[in-house]
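*Asks:* Quick one: structure below, then a few questions.
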Amino acid sequence: MAARKPVRWHIAVFLAPAVLIYTAVMIIPLFGTLLQSLYNKGEGGARVFVGLQNFATLFGDALWSDAFWNALGNNAWFFLIHMLVQNPIGVALAAILSTPRLRMAAFYRTAIFIPTILSFVIVGFVWKLILSPIWGIAPGMLDAVGLKMLFAPWLGKEEYALTALALVSVWQFIGIPMMLIYAALLSIPDEILEAAEMDGITGMSQFWKIKLPLILPSIGIISILTFVGNFNAFDLIYVAQGALAGPDYATDILGTFLYRTFFGFQLQLGDPYMGSAIAGAMFGIILIGVCVYLFGIQTRLRRYQF
Amino acid sequence: MKRTFRVALLTSTLLAGPALAETTLTIESWRNDDLTIWQDTIIPAFEAAHPDIKVVFAPTAPAEYNAVLNSKLSAGSAGDLITCRPFDASLELFNQGHLADLSGLAAMANFSPVAKSAWQTDDGAATFCVPMASVIHGFIYNADAFEALGIAVPTTRDEFFAALDTIKADGTYIPMAMGTNDQWEAATMGYNNIGPNYWKGEEGRLALIKGEQKLTDEGWVAPYAELAKWKDYLGDGFEAQTYPDSQNLFTLGRAAIYPAGSWEISGFNAQAGFKMGAFAPPVAAAGDTCYISDHTDIAIGMNAASPNAEAAKVFLEWVGSPEFAAMYANALPGFFSLNSTPVEMADPLAQEFVSWRGKCQSTIRSTYQILSRGTPNLENETWNASANVIKGTDTPEDAGKRLQEGLASWYEPQK
């Protein structure tokens with residue numbers, strides 16, 4: 001008679017701390033917020049269940065939907081800048097850093113990564129000073145090379161402010177794709193590269209034909225991290241432009257829109273119910289984005305086992 | 001033996017504790033600029049008179065104050081005394097039961113109904129904060145610059161723009177220090193500063209609340225038209241100029257005129273190395289009645305959940321006394337006492353500001369009472385519209401039309 005399998009308690013015991021903490025600080029608040037978005041203030045201030053009416057207001061009432069689509073559009077632009085600037089430059093930097101002939105690679109790696117560990121408050125403040133038309137060094141530096149006419153008070157102009165802030169964010173976070181890709185490049189076995197050299201594939205074509213296909217899964221992960229990070233962004237805009245996300249809401253993203261609605265601003269009182277609805281919409285957008293990636297792209301990526 | 005002695009000693013300290021206990025009161029405030037004045041002047045004066053009560057002044061950054069305070073009150077971690085914003089922000093806290101009803105306080109008799117109106121229920125039945133101070137809008141100028149350029153202090157709009165033209169032509173100074181990056185300066189120190197002369201102060205403000213005037217009327221659009229003219233007199237890159245930038249431009253002597261609120265006085269006195277003067281918003285023609293924004297701005301109330309209610313009431317009675325009024329008005333020149341007892345002030349700039357109360361009609365900021373209750377929020381929209389008009393991205397007429405549409409969308413008397 002076969003002995004009964006012993007109950008494997010240790011699995012539950014080892015999982016418990018993570019599960020408990022994650023439930024307490026992530027899952028319960030998340031569902032609490034989603035639930036709250038289905039309520040609103042009724043007569044006399046009591047909390048009443050209104051179903052999806054908050055979402056109907058958010059998407060149907062021009063006052064709310066205009067602000068929401070403006071914020072979503074700005075968010076999309078913010079994300080696009082990161083995808084077009086941050087990630088390609090990050091990959092390029094990693095490729096350069098991983099060339100064995102580069103001297104002082106460790107120094108460059110550290111220097112480029114340092115902004116990532118700085119607080120948003122510092123980054124926002126420093127860049128506001130650099131770009132300030134009054135005290136900033138940007139106008140002076142452009143003047144020194146005779147390009148003063150290119151200077152504009154970027155953070156104060158509707159047409160430039162969001163792009164300028166997106167580039168500041170790129171400057172801050174370029175280290176993350178660089179590090180991840182750098183690690184992926186280092187993990188490519190030398191035999192493969194040697195085999196490629198035997199076949200005459202060297203230099204740039206080695207990068208495009210051998211290395212890039214091998215690091216595609218990492219680039220996918222970076223893209224999804226960028227997506228989630230950008231659609232949750234709030235800090236930099238808040239620090240640099242305030243909760244009203246000026247000029248004329250040109251830098252208003254979902255995070256600042258949520259903050260204004262949820263906590264209120266100046267004479268505007270906070271509305272936790274509509275705020276929760278916006279938070280719910282943000283959660284939905286990020287969830288859809290992540291699902292599209294997971295099921296649409298990641299499963300089709302070819303992986304190579306060494 | 002030794003052990004018994006120790007126990008006895010411990011017990012005695014434990015027992016003695018409550019008898020000597022001091023009540024500590026914590027004040028929530030957005031006036032982090034005033035921290036030293038509270039710590040060095042106001043609190044010691046109170047503690048000298050009431051040695052059993054200790055007071056801690058714990059301010060938060062102005063922009064975050066409302067959000068932080070709401071969260072703290074909901075979580076039950078807010079201080080005993082709450083500095084009150086005027087009108088709806090505090091009314092909402094009272095309606096939610098976070099602020100205690102202070103109508104019974106003896107010191108309330110020291111304040112006029114107008115002074116209390118910003119911290120009362122709509123029917124005036126309950127007053128929930130003790131009024132502290134109002135702020136007056138106007139323009140502060142660099143007197144040395146005016147003298148060097150031979151400019152007389154302007155009283156009419158024509159003189160005002162002539163003065164700006166003279167400063168601009170001379171080129172030594174930026175004519176006016178203001179930026180649109182933070183938006184609120186454009187609305188508060190721009191629109192609500194010069195506006196009362198156009199909408200005739202209280203007359204226009206109350207007519208707007210009753211629905212007899214609209215934001216598209218001449219009196220409400222014309223101030224935007226004047227703001228649009230300011231653009232040419234602001235510094236290079238004013239679009240990205242922040243509020244501290246503007247303050248520094250003026251106090252460093254690089255700008256000649258600063259559209260101001262009187263709360264700047266103490267900071268400017270400390271920073272500026274030149275003589276300053278102030279003038280009220282210029283009127284259309286000499287001899288016209290002038291109107292000023294004399295805005296009930298700051299009061300102090302009691303957290304209804306405070307365990308130290310008795311001590312807090314003692315403090316609030318003291319805040320309502322003429323003694324506090326005199327100390328506060330002199331420690332913070334530019335915050336004018338709302339107490340009925342007249343206060344003597346030593347600061348010449350503050351005297352100049354307060355002298356307009358005798359010459360001009362006082363009003364408060366147009367958006368604060370009732371009109372910012374709905375969505376879209378009229379105050380926020382006014383910030384946005386004022387900044388846009390100054391930058392020239394919105395015409396005065398369009399701005400007025402947009403604000404009126406927003407207000408009419410939720411405010412019954414305007415429909």
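Labels used: A, B, ... for chains in the order of the structure tokens, numbers from 1 for residues in each chain, and numbers from 1 for ligands as shown.
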With the cut-off set at 6 Å and counting only C-alpha atoms, tabulate each residue of chain B with an atom at most that distance from an atom of chain A, showing the nearest atom pair and its distance in Å to one decimal, ordered by chain and increasing number, as a tab-separated table.
*Replies:*
residue	atom	partner	partner_atom	distance
B:Ala67	CA	A:Phe263	CA	5.2
B:Asn181	CA	A:Gly156	CA	5.7
B:Gly237	CA	A:Pro153	CA	5.0
B:Glu239	CA	A:Gly156	CA	4.3
B:Ala240	CA	A:Gly156	CA	4.0
B:Asn377	CA	A:Gln268	CA	5.9
B:Asn384	CA	A:Asp248	CA	6.0
*Asks:* Store the residues picked out above, limited to C-alpha atoms, as a PDB file, in the first residue's frame.
*Replies:*
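Result saved to selection.pdb:
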ATOM      1  CA  ALA B  67      -5.833  67.558   0.137  1.00  0.00           C
ATOM      2  CA  ASN B 181       3.279  79.158 -15.344  1.00  0.00           C
ATOM      3  CA  GLY B 237       9.627  83.877 -21.281  1.00  0.00           C
ATOM      4  CA  GLU B 239       4.998  81.736 -19.980  1.00  0.00           C
ATOM      5  CA  ALA B 240       7.384  79.590 -17.944  1.00  0.00           C
ATOM      6  CA  ASN B 377     -14.965  74.596 -10.887  1.00  0.00           C
ATOM      7  CA  ASN B 384      -6.900  78.865 -16.733  1.00  0.00           C
TER       8      ASN B 384
END
*Asks:* Neighbours of Ala299 of chain B within 8 Å (only C-alpha atoms; same-chain residues fewer than 2 positions away dropped), as a VMD selection string?
*Replies:* chain B and resid 83 to 86 119 129 to 133 297 301
*Asks:* Got time to write the residues from that selection, C-alpha atoms, as a PDB file, in the first residue's frame?
*Replies:*
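Ended up saving to result_25.pdb:
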ATOM      1  CA  THR B  83      -6.601  76.909   9.845  1.00  0.00           C
ATOM      2  CA  CYS B  84      -9.674  77.590   7.724  1.00  0.00           C
ATOM      3  CA  ARG B  85      -9.731  78.458   4.055  1.00  0.00           C
ATOM      4  CA  PRO B  86     -12.636  80.804   3.319  1.00  0.00           C
ATOM      5  CA  TRP B 119     -16.960  80.885   7.737  1.00  0.00           C
ATOM      6  CA  CYS B 129     -13.987  79.460  12.476  1.00  0.00           C
ATOM      7  CA  VAL B 130     -12.637  82.519  14.268  1.00  0.00           C
ATOM      8  CA  PRO B 131     -11.727  85.095  11.571  1.00  0.00           C
ATOM      9  CA  MET B 132      -8.073  86.059  11.613  1.00  0.00           C
ATOM     10  CA  ALA B 133      -7.192  88.215   8.666  1.00  0.00           C
ATOM     11  CA  ASP B 297      -8.671  84.879   3.679  1.00  0.00           C
ATOM     12  CA  GLY B 301     -11.380  76.550  13.763  1.00  0.00           C
TER      13      GLY B 301
END
*Asks:* Would you list, as a PyMOL selection string, the residues of segment 173-295 of chain B that end up in helix (DSSP H, G or I) under DSSP run on this structure's backbone?
*Replies:* chain B and resi 184-194+196-199+201-210+218-233+238-240+243-251+262-271
*Asks:* List the neighbours of Ala45 of chain B out to 10 Å using only C-alpha atoms; skip same-chain residues closer than 6 positions along the sequence, and give me the result as a tab-separated table (two decimals) with C-alpha atoms, in the first residue's frame.
*Replies:*
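Resulting contents of result37.tsv:
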chain	number	residue	atom	x	y	z
B	38	TRP	CA	4.27	81.63	15.18
B	39	GLN	CA	7.18	80.02	16.98
B	323	GLU	CA	-4.52	91.52	21.87
B	324	PHE	CA	-4.00	88.76	19.28
B	327	MET	CA	0.14	91.09	17.55
*Asks:* Atom CA of Asp217 of chain B and atom CA of Glu397 of chain B, how far apart in Å?
*Replies:*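 Taking atom CA of Glu397 of chain B and atom CA of Asp217 of chain B, their separation equals 9.4 Å.
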*Asks:* I'd like to know which of A:Asn87, A:Thr23, A:Thr57, A:Thr202 is closest to Ser37 of chain A, using only C-alpha atoms.
*Replies:*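 Ranked by minimum distance to Ser37 of chain A, first place goes to A:Thr57.
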*Asks:* Please provide as an mmCIF file with C-alpha atoms, in the first residue's frame all residues within 8 Å of Phe79 of chain A, with the sequence filter that same-chain residues fewer than 3 positions apart are discarded (counting only C-alpha atoms).
*Replies:*
data_model
loop_
_atom_site.group_PDB
_atom_site.id
_atom_site.type_symbol
_atom_site.label_atom_id
_atom_site.label_comp_id
_atom_site.auth_asym_id
_atom_site.auth_seq_id
_atom_site.Cartn_x
_atom_site.Cartn_y
_atom_site.Cartn_z
ATOM 1 C CA ASN A 75 -0.624 60.002 -21.825
ATOM 2 C CA ALA A 76 -0.398 58.306 -25.212
ATOM 3 C CA HIS A 82 9.381 57.108 -24.353
ATOM 4 C CA MET A 83 9.045 54.318 -26.905
ATOM 5 C CA THR A 226 7.351 51.607 -19.953
ATOM 6 C CA PHE A 227 3.658 51.339 -20.782
ATOM 7 C CA ASN A 230 3.838 55.956 -18.214
ATOM 8 C CA PHE A 231 0.130 55.381 -17.768
#
*Asks:* Leaving out segment 94-96 of chain A and any residue of its chain fewer than 2 positions from it, which residues lie within 7 Å of it when counting only C-alpha atoms, given as a ChimeraX atom specification?
*Replies:* /A:90-92,98-99,178-179,181-182
*Asks:* Output N, CA and C atoms for every residue in that selection, as a PDB file, in the first residue's frame.
*Replies:*
ATOM      1  N   GLY A  90      18.256  53.570 -25.177  1.00  0.00           N
ATOM      2  CA  GLY A  90      18.663  52.626 -24.143  1.00  0.00           C
ATOM      3  C   GLY A  90      19.330  51.406 -24.742  1.00  0.00           C
ATOM      4  N   VAL A  91      18.739  50.871 -25.813  1.00  0.00           N
ATOM      5  CA  VAL A  91      19.313  49.700 -26.478  1.00  0.00           C
ATOM      6  C   VAL A  91      20.674  50.048 -27.076  1.00  0.00           C
ATOM      7  N   ALA A  92      20.738  51.225 -27.706  1.00  0.00           N
ATOM      8  CA  ALA A  92      22.001  51.627 -28.327  1.00  0.00           C
ATOM      9  C   ALA A  92      23.101  51.784 -27.278  1.00  0.00           C
ATOM     10  N   SER A  98      28.403  47.170 -24.130  1.00  0.00           N
ATOM     11  CA  SER A  98      28.789  45.760 -24.094  1.00  0.00           C
ATOM     12  C   SER A  98      29.914  45.445 -25.062  1.00  0.00           C
ATOM     13  N   THR A  99      30.357  46.428 -25.838  1.00  0.00           N
ATOM     14  CA  THR A  99      31.522  46.140 -26.686  1.00  0.00           C
ATOM     15  C   THR A  99      32.755  46.031 -25.796  1.00  0.00           C
ATOM     16  N   MET A 178      18.586  50.515 -20.488  1.00  0.00           N
ATOM     17  CA  MET A 178      20.005  50.263 -20.741  1.00  0.00           C
ATOM     18  C   MET A 178      20.502  49.081 -19.921  1.00  0.00           C
ATOM     19  N   MET A 179      20.177  49.076 -18.623  1.00  0.00           N
ATOM     20  CA  MET A 179      20.655  48.003 -17.752  1.00  0.00           C
ATOM     21  C   MET A 179      20.074  46.650 -18.140  1.00  0.00           C
ATOM     22  N   ILE A 181      18.850  45.630 -21.046  1.00  0.00           N
ATOM     23  CA  ILE A 181      19.372  45.156 -22.326  1.00  0.00           C
ATOM     24  C   ILE A 181      20.845  44.756 -22.179  1.00  0.00           C
ATOM     25  N   TYR A 182      21.539  45.542 -21.377  1.00  0.00           N
ATOM     26  CA  TYR A 182      22.953  45.234 -21.139  1.00  0.00           C
ATOM     27  C   TYR A 182      23.088  43.833 -20.561  1.00  0.00           C
TER      28      TYR A 182
END
*Asks:* I'd like the contact shell of Leu118 of chain A - 10 Å cut-off, only C-alpha atoms, skipping same-chain residues fewer than 4 positions apart - returned as number ranges by chain.
*Replies:* A: 113-114, 122-123, 172-173
*Asks:* Can I get the selection written as a PDB file, in the first residue's frame, with C-alpha atoms?
*Replies:*
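In the end it all went to result.pdb:
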ATOM      1  CA  PHE A 113      22.032  55.135 -14.320  1.00  0.00           C
ATOM      2  CA  ILE A 114      22.317  57.749 -11.548  1.00  0.00           C
ATOM      3  CA  ILE A 122      14.809  66.774  -7.451  1.00  0.00           C
ATOM      4  CA  VAL A 123      14.549  65.966 -11.145  1.00  0.00           C
ATOM      5  CA  GLN A 172      15.708  60.233 -15.862  1.00  0.00           C
ATOM      6  CA  PHE A 173      14.791  56.670 -16.782  1.00  0.00           C
TER       7      PHE A 173
END
*Asks:* Could you pull the residues within 10 Å of Ser169 of chain A, counting only C-alpha atoms, minus those fewer than 2 positions along the same chain, as a ChimeraX atom specification?
*Replies:* /A:78,81-82,86,115-116,120,123-124,163-167,171-174,230,233,236-237
*Asks:* Convert the current residue selection to file output with C-alpha atoms, as a tab-separated table (two decimals), in the first residue's frame.
*Replies:*
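As a result, again_39.tsv now contains:
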chain	number	residue	atom	x	y	z
A	78	PHE	CA	4.05	60.68	-23.27
A	81	ILE	CA	8.03	59.70	-26.78
A	82	HIS	CA	9.38	57.11	-24.35
A	86	GLN	CA	14.06	56.22	-24.40
A	115	PRO	CA	19.34	59.94	-12.59
A	116	THR	CA	17.08	56.90	-12.16
A	120	PHE	CA	11.15	63.06	-8.92
A	123	VAL	CA	14.55	65.97	-11.14
A	124	GLY	CA	11.52	68.22	-11.65
A	163	THR	CA	7.21	66.88	-25.00
A	164	ALA	CA	9.74	68.71	-22.86
A	165	LEU	CA	8.56	66.91	-19.74
A	166	ALA	CA	8.50	63.56	-21.55
A	167	LEU	CA	12.13	64.13	-22.54
A	171	TRP	CA	16.58	61.51	-19.31
A	172	GLN	CA	15.71	60.23	-15.86
A	173	PHE	CA	14.79	56.67	-16.78
A	174	ILE	CA	17.08	55.87	-19.71
A	230	ASN	CA	3.84	55.96	-18.21
A	233	ALA	CA	2.82	58.59	-14.23
A	236	LEU	CA	7.00	64.55	-12.57
A	237	ILE	CA	4.05	66.50	-14.00
